[in-house]
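**Q** This structure is in structure tokens; I'll ask about it shortly.
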Amino acid sequence: MSMEMTAWNELYNARHAKDDQRPFSRETFRRIGAFARPHRASLVAFLLLSTVTALLAVATPVLAGRVVDAIGEGAAESTVVRIALLIAAIAVLEAGIGLLARWLSARIGEGLILDLRTAVYDHVQRMPVAFFTRTRTGALVSRLNSDVIGAQRAFSDTLSGVLGNVVMLLLSLAVMLSISWRITLLALVLLPVFVLPARRMGARLARLSREAANHNAVMSAQMTERFSAPGATLVKLYGRPADESREFAARAGRVRDIGIRTAMLQMVFVTALTLVSALALALVYGLGGFYALRGGLEPGAVVSLAMLLTRLYAPLTSLASARVEVMSALVSFQRVFEVLDLKPLIEERAGARAVPDGPVSVEFDGVDFAYPAADRVSLASLEEVATLDTRGGDQVLHGVSFRAEPGQLVALVGSSGAGKSTIAQLAPRLYDADAGAVRIGGVDVRDLTGDSLRATLGMVTQDGHLFHDTVRANLLLARPGADDAELWDALRRARLDTLVAALPDGLDTVVGERGYRLSGGERQRLTIARLLLARPRVVILDEATAHLDATSEAAVQEALAEALAGRTSVVIAHRLSTVRAADQILVVEGGRIVERGTHDTLLAAGGRYEELHRTQFDAGLDAGGDEDPDGSPGGGRVHGGEPAVAPVG
């Protein structure tokens with residue numbers, strides 16, 4: 001590698017080095033070794049090839065010097081030809097070994113990326129919902145991309161580079177000293193002029209690079225938020241486009257200025273080092289030529305010294321910054337291990353059993369619950385904050401007990417924030433109870449296998465979600481093996497088959513990010529179709545129609561009635577009229593069940609339920625024929641919110 005290429009390479013490494021001074025324990029290296037172990041055969045072969053490449057790189061300058069000496073001495077033509085052929089053979093061998101080494105490097109590097117990404121991705125999928133509510137998605141994706149690739153470079157680049165450079169440096173130095181120790185020592189005098197500016201300039205470029213990266217990260221976050229369908233709508237409704245544009249342009253302008261300054265610093269640095277290398281060569285040729293003319297040195301030795309000079313300076317410069325590269329790779333590994341060290345709060349116990357066959361009950365027995373504090377489920381670096389929020393751990397459910405018998409519908413009503421959705425999240429084990437037990441079919445959910453729980457229980461949540469994919473793909477999340485006939489049957493039962501049939505590509509129509517190409521009611525019904533396709537024995541509904549207009553609500557309620565038929569159901573209701581036919585209504589306030597009974601008995605009791613009912617009727621929330629003033633039935637027994645229907649687990 002030429003000195004100029006070395007300069008550019010070291011500048012790149014300095015710019016992309018991670019600024020981290022944390023100590024690295026022996027455990028960190030042990031874990032790195034565990035990831036490297038499956039690739040150890042390839043690693044050994046790669047390091048051997050790197051050593052051979054270094055040996056061949058030193059052999060060529062020596063042979064080139066012998067060619068010059070042979071010509072000067074008037075040796076036979078065959079001698080010069082043999083040496084030239086040997087140089088050519090070494091070049092071919094070096095090229096072949098280079099290709100093989102590159103293949104091994106790619107194999108090791110890409111294999112390591114696969115292993116790390118798979119480990120992080122699988123681990124993240126096991127994290128509780130609280131992890132995702134706190135973590136910034138971009139920071140998490142960065143761990144799977146930039147940090148994983150940074151860790152991979154430790155094996156594919158840094159490790160081989162250090163070994164190859166050490167071998168090349170020692171051989172080059174030994175050969176140069178054997179040829180002329182005086183010229184070698186004088187050439188080394190210029191080394192500080194080459195190395196020290198590289199470190200200082202690299203530090204300046206690293207600071208500029210980090211500043212530009214920070215600005216780019218903010219711009220990326222701004223674009224991600226503003227370019228999503230809900231974000232763009234919010235900006236158009238309430239935003240100030242001119243202010244948004246000025247803020248974005250200011251940051252983009254700063255990135256431009258940094259780019260210009262960085263380009264000039266790089267060019268000045270490389271130009272200066274190119275000049276230094278030229279001066280070093282001039283020294284070798286001048287001093288070597290002087291000794292050669294006086295008979296103290298062979299002409300070929302001068303050529304060898306000049307060619308070996310680059311084999312000496314380039315490794316020395318690379319090794320001078322090797323610590324930066326090693327630390328950068330270790331930081332990447334450490335950041336990956338940080339995620340892997342977060343322990344999932346929900347684990348499947350050894351010996352877990354399947355949910356019993358047949359209709360099943362849902363039972364809460366003295367359940368207490370507090371949302372986990374941030375330090376149990378998150379990292380400050382993933383939230384992109386200096387320190388984690390210390391709040392949390394306050395109890396939100398207190399001794400909650402009820403039972404929904406097989407085939408029954410139990411409704412939860414009460415004020416916003418009373419704990420209704422929290423109760424709903426405990427049944428599918430999105431969280432685990434701190435005290436008491438949640439049972440499905442008489443078995444504690446903590447003793448059930450995750451697969452059987454997901455197959456048994458389906459849930460429609462308030463913030464229903466569809467992936468940016470086709471109708472078919474969104475439905476098949478519930479049952480990957482379902483055929484088209486089953487998909488159409490689920491859509492028909494969700495009152496959505498006519499709409500999907502009219503779409504340009506039918507089942508293969510892309511629904512858009514979060515399903516925003518569909519109306520609210522259509523999204524609701526598509527997620528209900530997904531629930532119907534899953535065929536769960538237990539259904540949990542969390543405000544599935546609260547935000548719909550009357551027409552959409554009527555269609556969704558028909559679909560929900562289909563989904564609830566014959567199933568054990570727990571329904572969270574905002575509009576009391578939608579659950580008046582429930583087998584049992586539970587009034588939740590402050591994380592406690594304060595009343596329970598049927599619609600008629602609760603109205604007659606004149607307690608909190610009667611107060612909620614009277615407030616809603618006076619406010620007109622149940623107008624439109626849902627319920628008469630005296631509470632007589634006028635509709636089905638479904639509930640109300642925006643859905644994300646799928647088996648949950």
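In the structure tokens, the first chain shown is A, the next is B, and so on; residue numbers restart at 1 for each chain, and ligands run from 1 in the order shown.
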Quick one: DSSP alpha helix (DSSP H) residues in segment 413-495 of chain A, as an NGL selection string?

**A** :A and (420-426 or 450-456 or 471-476 or 484-493)

**Q** Just to be explicit: take each residue in the selection above, keep N, CA and C atoms, and write the result as an mmCIF file, in the first residue's frame.

**A**
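File produced: part22.cif:
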```cif
data_model
loop_
_atom_site.group_PDB
_atom_site.id
_atom_site.type_symbol
_atom_site.label_atom_id
_atom_site.label_comp_id
_atom_site.auth_asym_id
_atom_site.auth_seq_id
_atom_site.Cartn_x
_atom_site.Cartn_y
_atom_site.Cartn_z
ATOM 1 N N LYS A 420 -57.947 -0.509 33.020
ATOM 2 C CA LYS A 420 -58.650 -1.516 32.202
ATOM 3 C C LYS A 420 -57.711 -2.148 31.171
ATOM 4 N N SER A 421 -56.982 -1.308 30.410
ATOM 5 C CA SER A 421 -56.068 -1.844 29.390
ATOM 6 C C SER A 421 -54.931 -2.629 30.024
ATOM 7 N N THR A 422 -54.507 -2.219 31.215
ATOM 8 C CA THR A 422 -53.461 -2.967 31.918
ATOM 9 C C THR A 422 -53.938 -4.377 32.236
ATOM 10 N N ILE A 423 -55.166 -4.501 32.683
ATOM 11 C CA ILE A 423 -55.741 -5.822 32.949
ATOM 12 C C ILE A 423 -55.724 -6.666 31.674
ATOM 13 N N ALA A 424 -56.124 -6.041 30.558
ATOM 14 C CA ALA A 424 -56.187 -6.769 29.286
ATOM 15 C C ALA A 424 -54.808 -7.247 28.844
ATOM 16 N N GLN A 425 -53.747 -6.522 29.193
ATOM 17 C CA GLN A 425 -52.408 -6.883 28.738
ATOM 18 C C GLN A 425 -51.789 -8.019 29.537
ATOM 19 N N LEU A 426 -52.368 -8.345 30.678
ATOM 20 C CA LEU A 426 -51.806 -9.421 31.499
ATOM 21 C C LEU A 426 -52.214 -10.800 31.012
ATOM 22 N N GLY A 450 -45.621 -20.437 25.232
ATOM 23 C CA GLY A 450 -45.967 -19.234 24.484
ATOM 24 C C GLY A 450 -46.768 -19.546 23.233
ATOM 25 N N ASP A 451 -46.412 -20.631 22.527
ATOM 26 C CA ASP A 451 -47.121 -20.977 21.289
ATOM 27 C C ASP A 451 -48.586 -21.295 21.562
ATOM 28 N N SER A 452 -48.844 -22.078 22.607
ATOM 29 C CA SER A 452 -50.237 -22.452 22.875
ATOM 30 C C SER A 452 -51.039 -21.244 23.363
ATOM 31 N N LEU A 453 -50.395 -20.329 24.100
ATOM 32 C CA LEU A 453 -51.094 -19.132 24.568
ATOM 33 C C LEU A 453 -51.453 -18.234 23.384
ATOM 34 N N ARG A 454 -50.506 -18.077 22.453
ATOM 35 C CA ARG A 454 -50.784 -17.248 21.268
ATOM 36 C C ARG A 454 -51.884 -17.860 20.406
ATOM 37 N N ALA A 455 -51.910 -19.194 20.331
ATOM 38 C CA ALA A 455 -52.937 -19.863 19.529
ATOM 39 C C ALA A 455 -54.305 -19.796 20.199
ATOM 40 N N THR A 456 -54.332 -19.628 21.516
ATOM 41 C CA THR A 456 -55.595 -19.641 22.261
ATOM 42 C C THR A 456 -56.223 -18.257 22.345
ATOM 43 N N VAL A 471 -52.637 -6.995 1.753
ATOM 44 C CA VAL A 471 -53.744 -7.497 2.568
ATOM 45 C C VAL A 471 -53.464 -8.950 2.948
ATOM 46 N N ARG A 472 -53.006 -9.721 1.978
ATOM 47 C CA ARG A 472 -52.732 -11.136 2.217
ATOM 48 C C ARG A 472 -51.684 -11.310 3.329
ATOM 49 N N ALA A 473 -50.566 -10.588 3.231
ATOM 50 C CA ALA A 473 -49.486 -10.736 4.213
ATOM 51 C C ALA A 473 -49.950 -10.338 5.607
ATOM 52 N N ASN A 474 -50.759 -9.280 5.707
ATOM 53 C CA ASN A 474 -51.252 -8.854 7.016
ATOM 54 C C ASN A 474 -52.194 -9.879 7.618
ATOM 55 N N LEU A 475 -52.965 -10.560 6.785
ATOM 56 C CA LEU A 475 -53.856 -11.602 7.294
ATOM 57 C C LEU A 475 -53.082 -12.854 7.705
ATOM 58 N N LEU A 476 -52.055 -13.204 6.899
ATOM 59 C CA LEU A 476 -51.322 -14.447 7.155
ATOM 60 C C LEU A 476 -50.473 -14.395 8.411
ATOM 61 N N ASP A 484 -56.310 -19.240 0.149
ATOM 62 C CA ASP A 484 -57.116 -18.092 -0.265
ATOM 63 C C ASP A 484 -58.570 -18.227 0.157
ATOM 64 N N ALA A 485 -59.085 -19.443 0.111
ATOM 65 C CA ALA A 485 -60.485 -19.644 0.499
ATOM 66 C C ALA A 485 -60.703 -19.240 1.958
ATOM 67 N N GLU A 486 -59.765 -19.593 2.817
ATOM 68 C CA GLU A 486 -59.877 -19.226 4.233
ATOM 69 C C GLU A 486 -59.729 -17.717 4.426
ATOM 70 N N LEU A 487 -58.846 -17.094 3.625
ATOM 71 C CA LEU A 487 -58.677 -15.639 3.728
ATOM 72 C C LEU A 487 -59.971 -14.930 3.337
ATOM 73 N N TRP A 488 -60.565 -15.363 2.233
ATOM 74 C CA TRP A 488 -61.807 -14.726 1.789
ATOM 75 C C TRP A 488 -62.950 -14.975 2.769
ATOM 76 N N ASP A 489 -62.956 -16.154 3.401
ATOM 77 C CA ASP A 489 -64.000 -16.438 4.388
ATOM 78 C C ASP A 489 -63.871 -15.503 5.588
ATOM 79 N N ALA A 490 -62.623 -15.282 6.041
ATOM 80 C CA ALA A 490 -62.414 -14.360 7.161
ATOM 81 C C ALA A 490 -62.819 -12.934 6.776
ATOM 82 N N LEU A 491 -62.488 -12.521 5.561
ATOM 83 C CA LEU A 491 -62.872 -11.176 5.108
ATOM 84 C C LEU A 491 -64.392 -11.056 5.005
ATOM 85 N N ARG A 492 -65.061 -12.104 4.538
ATOM 86 C CA ARG A 492 -66.525 -12.062 4.436
ATOM 87 C C ARG A 492 -67.154 -11.913 5.813
ATOM 88 N N ARG A 493 -66.659 -12.678 6.768
ATOM 89 C CA ARG A 493 -67.205 -12.621 8.122
ATOM 90 C C ARG A 493 -66.896 -11.290 8.799
#
```

**Q** Run DSSP on the backbone and grab whatever in segment 433-486 of chain A lands in strand (DSSP E or B); send it over as number ranges by chain.

**A** A: 435-440, 443-444, 448, 457-460, 463, 470

**Q** Expressed in Å to a single decimal, how great is the separation between atom CA of Val588 of chain A and atom CA of Gly414 of chain A?

**A** 5.1 Å

**Q** In Å, rounded to a single decimal, give me how far atom CA of Arg495 of chain A is from atom CA of Ala559 of chain A.

**A**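 Computed distance, atom CA of Ala559 of chain A to atom CA of Arg495 of chain A, equals 6.3 Å.
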
**Q** With distances taken over only C-alpha atoms, which of A:Arg514, A:Arg311, A:Arg204, A:His574 is nearest to Leu56 of chain A?

**A**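 Among the listed residues, the smallest separation from Leu56 of chain A belongs to A:Arg311.
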
**Q** Which one is closest to Met307 of chain A: A:Ser332, A:Ser277, A:Ser378, A:Thr262? Count only C-alpha atoms.

**A** A:Ser277

**Q** Quick one: distance from atom CA of Glu225 of chain A to atom CA of Val511 of chain A in Å, one decimal?

**A** 19.3 Å

**Q** Which one of A:Arg567, A:Arg256, A:His465, A:His39 sits closest to Gly358 of chain A if you count only C-alpha atoms?

**A** A:Arg567

**Q** Excluding Gly515 of chain A and its own-chain neighbours fewer than 2 positions away, which residues fall within 9 Å of it when counting only C-alpha atoms? Please give them as an MDAnalysis selection string.

**A** chainID A and resid 465:469 510:513 517:520 523

**Q** Find the residue from A:Ala130, A:Ala252, A:Leu309, A:Ala64 that sits nearest to Met176 of chain A; use only C-alpha atoms when measuring.

**A**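 Smallest separation from Met176 of chain A among the options: A:Leu309.
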